[in-house]
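**Q** Input structure: coords_0.tsv, which contains TSV, C-alpha atoms.
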```tsv
chain	number	residue	atom	x	y	z
X	212	MET	CA	112.37	164.26	151.78
X	213	ALA	CA	114.16	165.96	148.91
X	214	GLU	CA	112.04	169.08	149.25
X	215	SER	CA	112.66	169.46	152.97
X	216	ALA	CA	116.42	169.90	152.34
X	217	VAL	CA	115.75	173.28	150.78
X	218	ASP	CA	115.03	176.36	152.84
X	219	MET	CA	111.43	177.44	152.21
X	220	GLU	CA	112.45	180.95	151.25
X	221	ASP	CA	115.08	179.63	148.83
X	222	ALA	CA	112.52	177.26	147.36
X	223	ARG	CA	110.12	180.16	146.75
X	224	ILE	CA	112.84	182.22	145.08
X	225	LEU	CA	113.98	179.30	142.94
X	226	LYS	CA	110.40	178.71	141.86
X	227	ALA	CA	110.09	182.37	140.85
X	228	ILE	CA	113.36	182.21	138.90
X	229	ARG	CA	112.25	179.07	137.09
X	230	ALA	CA	109.00	180.81	136.25
X	231	GLY	CA	111.03	183.50	134.47
X	232	ASP	CA	111.60	186.12	137.19
X	233	VAL	CA	115.35	186.53	136.68
X	234	ASP	CA	115.53	189.49	139.09
X	235	ALA	CA	114.51	187.18	141.94
X	236	TYR	CA	118.02	185.76	141.71
X	237	ALA	CA	119.25	188.99	143.33
X	238	ARG	CA	117.65	187.86	146.60
X	239	LEU	CA	119.63	184.61	146.55
X	240	MET	CA	122.81	186.49	145.75
X	241	THR	CA	122.25	188.93	148.61
X	242	LYS	CA	121.73	186.02	150.97
X	243	TYR	CA	124.73	183.95	149.86
X	244	GLN	CA	127.22	186.57	148.66
X	245	GLY	CA	129.19	186.56	151.92
X	246	ARG	CA	129.36	182.79	152.08
X	247	VAL	CA	130.45	182.42	148.47
X	248	SER	CA	133.06	185.20	148.80
X	249	GLY	CA	134.37	183.48	151.92
X	250	ILE	CA	134.83	180.16	150.10
X	251	VAL	CA	136.44	181.87	147.12
X	252	ALA	CA	138.75	183.86	149.40
X	253	GLY	CA	139.97	180.59	150.90
X	254	HIS	CA	141.06	179.25	147.52
X	255	ALA	CA	141.92	182.19	145.29
X	256	PRO	CA	144.11	185.28	145.49
X	257	ARG	CA	142.46	188.19	147.27
X	258	ASP	CA	142.55	190.43	144.20
X	259	ARG	CA	140.52	187.89	142.20
X	260	VAL	CA	137.82	187.19	144.81
X	261	GLY	CA	135.31	189.71	143.41
X	262	GLU	CA	135.67	188.49	139.85
X	263	LEU	CA	135.40	184.82	140.87
X	264	THR	CA	132.40	185.42	143.12
X	265	HIS	CA	130.70	187.00	140.12
X	266	GLU	CA	131.64	183.96	138.03
X	267	VAL	CA	130.24	181.59	140.67
X	268	PHE	CA	126.84	183.28	140.64
X	269	VAL	CA	126.70	183.36	136.84
X	270	ARG	CA	127.64	179.67	136.64
X	271	ALA	CA	125.19	178.75	139.36
X	272	TYR	CA	122.37	180.53	137.54
X	273	ARG	CA	123.21	178.77	134.29
X	274	SER	CA	123.27	175.39	136.01
X	275	LEU	CA	120.14	175.91	138.08
X	276	SER	CA	118.39	173.20	136.06
X	277	GLY	CA	120.93	170.76	137.54
X	278	TYR	CA	119.97	171.66	141.11
X	279	ARG	CA	117.45	169.04	142.16
X	280	GLY	CA	116.90	170.30	145.68
X	281	ASP	CA	118.26	167.19	147.41
X	282	SER	CA	120.63	169.33	149.48
X	283	PRO	CA	120.37	172.90	150.79
X	284	PHE	CA	120.93	175.53	148.12
X	285	GLY	CA	123.90	176.92	150.06
X	286	HIS	CA	125.68	173.54	149.90
X	287	TRP	CA	125.11	173.31	146.19
X	288	LEU	CA	126.38	176.86	145.74
X	289	ALA	CA	129.49	175.99	147.79
X	290	LYS	CA	130.22	173.17	145.33
X	291	VAL	CA	129.88	175.57	142.41
X	292	ALA	CA	132.25	177.97	144.20
X	293	VAL	CA	134.90	175.30	144.86
X	294	ARG	CA	134.71	174.00	141.28
X	295	THR	CA	134.97	177.54	139.93
X	296	CYS	CA	138.15	178.06	141.98
X	297	HIS	CA	139.49	174.72	140.72
X	298	ASP	CA	138.87	175.81	137.12
X	299	PHE	CA	140.47	179.16	137.90
X	300	TRP	CA	143.69	177.48	139.01
X	301	ARG	CA	143.69	175.12	136.05
X	302	ALA	CA	143.43	178.10	133.71
X	303	GLU	CA	146.10	180.01	135.62
X	304	TYR	CA	148.52	177.09	135.48
X	305	ARG	CA	147.83	176.62	131.75
X	306	ARG	CA	148.60	180.26	131.08
X	307	ARG	CA	151.66	180.10	133.28
X	308	GLU	CA	151.54	183.83	133.68
X	309	ARG	CA	152.66	183.59	137.25
X	310	PRO	CA	156.41	183.48	137.53
X	311	GLU	CA	157.68	180.90	140.02
X	312	SER	CA	158.15	183.01	143.09
X	313	GLU	CA	160.98	182.59	145.53
X	314	LEU	CA	160.67	182.92	149.25
X	315	SER	CA	161.98	186.14	150.72
X	316	ASP	CA	164.75	186.02	153.30
X	317	GLU	CA	162.28	187.25	155.92
X	318	CYS	CA	160.00	184.35	155.10
X	319	ARG	CA	162.83	181.82	155.33
X	320	ALA	CA	163.69	183.18	158.75
X	321	PHE	CA	160.00	183.00	159.69
X	322	VAL	CA	159.87	179.32	158.67
X	323	GLU	CA	162.64	178.46	161.10
X	324	GLU	CA	160.86	180.38	163.82
X	325	ALA	CA	157.45	178.80	163.07
X	326	ALA	CA	158.86	175.29	162.95
X	327	ALA	CA	160.16	175.75	166.47
X	328	LEU	CA	156.88	177.01	168.00
X	329	ASP	CA	155.69	174.87	170.83
X	330	SER	CA	152.13	176.03	171.48
X	331	SER	CA	148.99	176.50	169.46
X	332	GLU	CA	148.69	180.08	170.77
X	333	ALA	CA	152.11	180.86	169.33
X	334	ALA	CA	151.07	179.25	166.03
X	335	GLU	CA	147.96	181.46	165.97
X	336	GLU	CA	150.08	184.51	166.58
X	337	ALA	CA	152.55	183.55	163.87
X	338	ALA	CA	149.66	183.02	161.45
X	339	SER	CA	148.81	186.70	161.58
X	340	ARG	CA	152.14	187.68	160.04
X	341	ALA	CA	152.58	188.55	156.37
X	342	GLU	CA	155.33	185.93	156.08
X	343	ALA	CA	152.82	183.21	156.97
X	344	ARG	CA	150.60	184.25	154.05
X	345	GLU	CA	153.62	184.35	151.76
X	346	LEU	CA	154.66	180.86	152.84
X	347	LEU	CA	151.16	179.42	152.36
X	348	SER	CA	150.80	180.92	148.91
X	349	TRP	CA	154.33	179.85	147.91
X	350	ALA	CA	153.85	176.27	149.10
X	351	LEU	CA	150.46	175.82	147.41
X	352	GLU	CA	151.85	177.26	144.19
X	353	LYS	CA	154.20	174.29	144.00
X	354	LEU	CA	151.30	171.86	143.76
X	355	SER	CA	149.18	171.02	140.72
X	356	PRO	CA	145.76	172.73	140.56
X	357	THR	CA	143.89	169.60	141.67
X	358	ASP	CA	146.39	168.74	144.41
X	359	ARG	CA	146.18	172.32	145.58
X	360	MET	CA	142.40	172.14	145.91
X	361	VAL	CA	142.45	168.68	147.50
X	362	VAL	CA	145.11	169.56	150.06
X	363	THR	CA	143.39	172.82	150.93
X	364	LEU	CA	140.05	171.13	151.51
X	365	THR	CA	141.23	167.98	153.27
X	366	HIS	CA	144.39	168.97	155.04
X	367	ILE	CA	144.29	172.72	155.57
X	368	GLU	CA	140.55	173.15	156.09
X	369	GLU	CA	140.38	169.62	157.56
X	370	ARG	CA	137.14	168.71	155.81
X	371	PRO	CA	136.14	165.03	155.60
X	372	VAL	CA	137.29	163.30	152.42
X	373	ALA	CA	133.70	162.58	151.38
X	374	GLU	CA	132.80	166.25	151.61
X	375	ALA	CA	135.89	167.31	149.64
X	376	ALA	CA	135.10	164.68	147.00
X	377	GLU	CA	131.55	165.95	146.67
X	378	MET	CA	132.67	169.55	146.42
X	379	LEU	CA	135.21	168.78	143.73
X	380	GLY	CA	133.00	166.32	141.87
X	381	MET	CA	135.56	163.55	142.31
X	382	SER	CA	135.26	160.01	143.67
X	383	ILE	CA	136.12	159.38	147.32
X	384	PRO	CA	138.96	156.91	146.55
X	385	ASN	CA	140.46	159.38	144.10
X	386	VAL	CA	140.39	162.19	146.68
X	387	LYS	CA	141.86	159.85	149.32
X	388	VAL	CA	144.79	158.95	147.09
X	389	ARG	CA	145.29	162.52	145.94
X	390	ALA	CA	145.06	163.89	149.49
X	391	PHE	CA	147.75	161.49	150.62
X	392	ARG	CA	150.06	162.31	147.72
X	393	ALA	CA	149.38	166.03	147.83
X	394	ARG	CA	150.14	166.19	151.54
X	395	LYS	CA	153.36	164.29	150.93
X	396	LYS	CA	154.27	166.77	148.19
X	397	LEU	CA	153.41	169.70	150.45
X	398	ARG	CA	155.67	168.29	153.13
X	399	GLU	CA	158.45	167.84	150.61
X	400	VAL	CA	158.04	171.46	149.56
X	401	LEU	CA	158.09	172.68	153.16
X	402	GLY	CA	160.99	170.33	153.83
X	403	THR	CA	163.13	172.16	151.30
X	404	VAL	CA	162.78	175.31	153.39
X	405	ILE	CA	163.43	173.82	156.78
X	406	GLY	CA	166.29	171.76	155.39
X	407	ALA	CA	164.72	168.34	156.02
T	234	MET	CA	162.77	162.01	157.72
T	235	ASP	CA	163.51	161.81	161.44
T	236	GLY	CA	161.12	162.49	164.28
T	237	ASN	CA	162.44	165.97	164.87
T	238	THR	CA	161.88	167.00	161.25
T	239	THR	CA	158.39	165.51	161.31
T	240	ARG	CA	157.56	167.55	164.41
T	241	ARG	CA	158.92	170.73	162.79
T	242	LEU	CA	156.85	170.07	159.69
T	243	GLU	CA	153.75	169.46	161.78
T	244	ARG	CA	154.23	172.80	163.54
T	245	LEU	CA	154.68	174.53	160.22
T	246	GLU	CA	151.52	172.91	158.91
T	247	ALA	CA	149.66	174.08	162.01
T	248	VAL	CA	150.76	177.64	161.25
T	249	LEU	CA	149.61	177.25	157.65
T	250	ARG	CA	146.22	175.98	158.78
T	251	ALA	CA	145.85	178.94	161.13
T	252	THR	CA	146.93	181.30	158.34
T	253	HIS	CA	144.34	179.87	155.98
T	254	ALA	CA	141.62	180.14	158.63
T	255	ARG	CA	142.50	183.81	159.04
T	256	SER	CA	142.25	184.61	155.33
T	257	ASP	CA	139.93	187.57	155.32
T	258	THR	CA	137.14	188.03	152.82
T	259	PRO	CA	137.07	191.33	150.96
T	260	PRO	CA	133.95	193.42	151.69
T	261	PRO	CA	131.00	192.58	149.43
T	262	ASP	CA	130.88	194.53	146.22
T	263	PRO	CA	127.49	196.28	146.03
T	264	GLY	CA	127.68	196.42	142.24
T	265	MET	CA	128.24	192.69	141.82
T	266	ILE	CA	124.59	191.68	142.04
T	267	LEU	CA	123.55	194.10	139.30
T	268	SER	CA	126.49	193.02	137.19
T	269	VAL	CA	125.54	189.32	137.54
T	270	LEU	CA	121.94	190.09	136.65
T	271	GLU	CA	123.14	191.98	133.58
T	272	THR	CA	125.32	189.05	132.54
T	273	ILE	CA	122.69	186.38	133.00
T	274	LYS	CA	120.10	188.36	131.10
T	275	THR	CA	122.22	188.40	127.96
T	276	PRO	CA	123.98	185.04	127.79
T	277	VAL	CA	121.97	183.37	125.04
T	278	GLU	CA	122.67	186.10	122.50
T	279	SER	CA	126.39	186.03	122.99
T	280	VAL	CA	126.51	182.23	122.95
T	281	ALA	CA	124.37	182.13	119.81
T	282	ALA	CA	126.46	184.84	118.16
T	283	ASN	CA	129.57	182.91	119.07
T	284	GLY	CA	128.08	179.76	117.54
T	285	VAL	CA	127.21	181.59	114.33
T	286	LEU	CA	130.74	182.95	114.08
T	287	TRP	CA	132.19	179.49	114.50
T	288	ARG	CA	129.89	178.06	111.85
T	289	MET	CA	130.78	180.90	109.46
T	290	ALA	CA	134.48	180.33	110.03
T	291	ALA	CA	134.09	176.57	109.50
T	292	GLY	CA	132.12	177.18	106.27
T	293	ALA	CA	134.71	179.61	104.94
T	294	GLY	CA	137.49	177.15	105.76
T	295	LEU	CA	135.69	174.32	104.01
T	296	LEU	CA	135.12	176.47	100.94
T	297	ALA	CA	138.79	177.46	100.82
T	298	VAL	CA	139.91	173.84	101.08
T	299	ALA	CA	137.45	172.76	98.35
T	300	THR	CA	138.69	175.54	96.05
T	301	VAL	CA	142.31	174.53	96.52
T	302	VAL	CA	141.52	170.86	95.93
T	303	LEU	CA	139.58	171.67	92.75
T	304	ALA	CA	142.33	173.96	91.46
T	305	VAL	CA	144.95	171.30	92.04
T	306	PHE	CA	142.82	168.51	90.65
T	307	PHE	CA	141.67	170.19	87.38
T	308	GLY	CA	144.64	171.42	85.49
T	309	SER	CA	147.18	168.95	86.69
T	310	GLY	CA	146.09	166.15	84.37
T	311	LEU	CA	145.25	164.14	87.46
T	312	GLU	CA	141.58	163.97	86.48
T	313	ASP	CA	142.51	162.18	83.20
T	314	GLU	CA	144.65	159.69	85.06
T	315	LEU	CA	141.92	159.04	87.56
T	316	GLY	CA	139.31	158.64	84.81
T	317	ARG	CA	141.54	156.17	82.99
T	318	PHE	CA	142.20	154.30	86.19
T	319	LEU	CA	138.51	154.05	87.03
T	320	PHE	CA	136.94	153.55	83.63
T	321	TYR	CA	139.57	151.99	81.31
T	322	ASP	CA	138.25	148.50	81.37
T	323	PRO	CA	138.82	146.68	78.07
T	324	ASN	CA	137.48	143.35	79.32
T	325	GLY	CA	134.50	144.83	81.12
T	326	GLN	CA	135.65	143.32	84.43
T	327	VAL	CA	134.71	146.35	86.51
T	328	LEU	CA	131.29	146.56	84.88
T	329	VAL	CA	130.73	142.85	85.43
T	330	SER	CA	131.66	143.06	89.08
T	331	LEU	CA	129.62	146.25	89.59
T	332	LEU	CA	126.53	144.70	88.10
T	333	GLY	CA	127.17	141.54	90.07
T	334	ILE	CA	126.80	139.37	87.00
```
Before we go any further, please render this structure as structure tokens.
**A**
Amino acid sequence: MAESAVDMEDARILKAIRAGDVDAYARLMTKYQGRVSGIVAGHAPRDRVGELTHEVFVRAYRSLSGYRGDSPFGHWLAKVAVRTCHDFWRAEYRRRERPESELSDECRAFVEEAAALDSSEAAEEAASRAEARELLSWALEKLSPTDRMVVTLTHIEERPVAEAAEMLGMSIPNVKVRAFRARKKLREVLGTVIGA
Amino acid sequence: MDGNTTRRLERLEAVLRATHARSDTPPPDPGMILSVLETIKTPVESVAANGVLWRMAAGAGLLAVATVVLAVFFGSGLEDELGRFLFYDPNGQVLVSLLGI
């Protein structure tokens, strides 16, 4: 049953890599580069996506011995990607290189406008604006690295708690508690802008 | 938090969700694959070299500490005091207890 979870082509490539053909890894990277970049882009700043995607593939290669083939290779790679982003934020917060940014006046005005929208179409339209990206990045910056990852996976991407827990390598109860607290914190942060 | 505020927050969250869903992925870097291959072909050397450096630094540190301890110990008269403390035993009590007699 474990073997059937892996795509036959992936299994062949993995076998070649384990037999010492390192260059065969290029085929896996070609296949999954877009998917990994997409996951990274959802969690990290745009200007760091290339560097982090590189890091994900290097990490994945070095941990290949830990991949037992009980889930599709793409799922396993997604976990590596999410954990790499988590580590990225932990390192960033430790360095504290990022100054605490303040919301621009345009963004504050946008918040008032967005909070008054009454249809999902209008929300979609508002989401395309630069102020929406600024608000998202500002609000997430106020959370701890783990809360940031948990809230992004469970609340913003609306993934099931079990899936988020698996991706982050945390227990389900821990993610449940963190998701609840992180969402509360996110609301408090947003509340300071809308004057709640 | 009243109902109106909750509704406003929910709308704001909906916008944030839509914003996140729209986050575009930069185009794939054609050089990345070669760069990864280059990195994974040379990891062991760098890790080993790093390990050697750490061991060398630890050895040098240990040697420096031992030198300082020796310099302080011999020349301060402390070694005589310690010798007297350990071996001055007019009644042979330490010897008796050491031999378990």
**Q** What residues in chain T have any atom no more than 12 Å from chain X when counting only C-alpha atoms, and can you write them as an MDAnalysis selection string?
**A** chainID T and resid 234:277
**Q** Atom CA of Phe299 of chain X and atom CA of Tyr278 of chain X, how far apart in Å?
**A**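 Atom CA of Phe299 of chain X lies at a distance of 22.1 Å from atom CA of Tyr278 of chain X.
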**Q** Separation of atom CA of Leu379 of chain X and atom CA of Arg294 of chain X, in Å?
**A**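 About the pair atom CA of Leu379 of chain X and atom CA of Arg294 of chain X: they are 5.8 Å apart.
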**Q** Would you mind telling me which residue in X:Val361, X:Ala320, X:His286, X:Trp300 lies nearest to Val217 of chain X when using all atoms listed in the file?
**A**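 That would be X:His286, the residue with the smallest distance to Val217 of chain X.
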**Q** What's the separation between atom CA of Ala376 of chain X and atom CA of Arg307 of chain X, in Å to one decimal place?
**A**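 Going from atom CA of Ala376 of chain X over to atom CA of Arg307 of chain X, I get 26.5 Å.
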**Q** Using all atoms listed in the file, give me every residue within 12 Å of (144.8, 179.0, 136.8) in file coordinates, as a list in words.
**A**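 The distance filter leaves exactly His254, Ala255, Pro256, Arg259, Leu263, Thr295, Cys296, His297, Asp298, Phe299, Trp300, Arg301, Ala302, Glu303, Tyr304, Arg305, Arg306, Arg307, Glu308, Arg309, Glu352, Leu354, Ser355, Pro356, Thr357, Arg359 and Met360 of chain X.
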**Q** For Gly380 of chain X, which residue out of X:Ala230, X:Ile224, X:Leu351, X:Ala289 is the nearest one, using all atoms listed in the file?
**A** X:Ala289
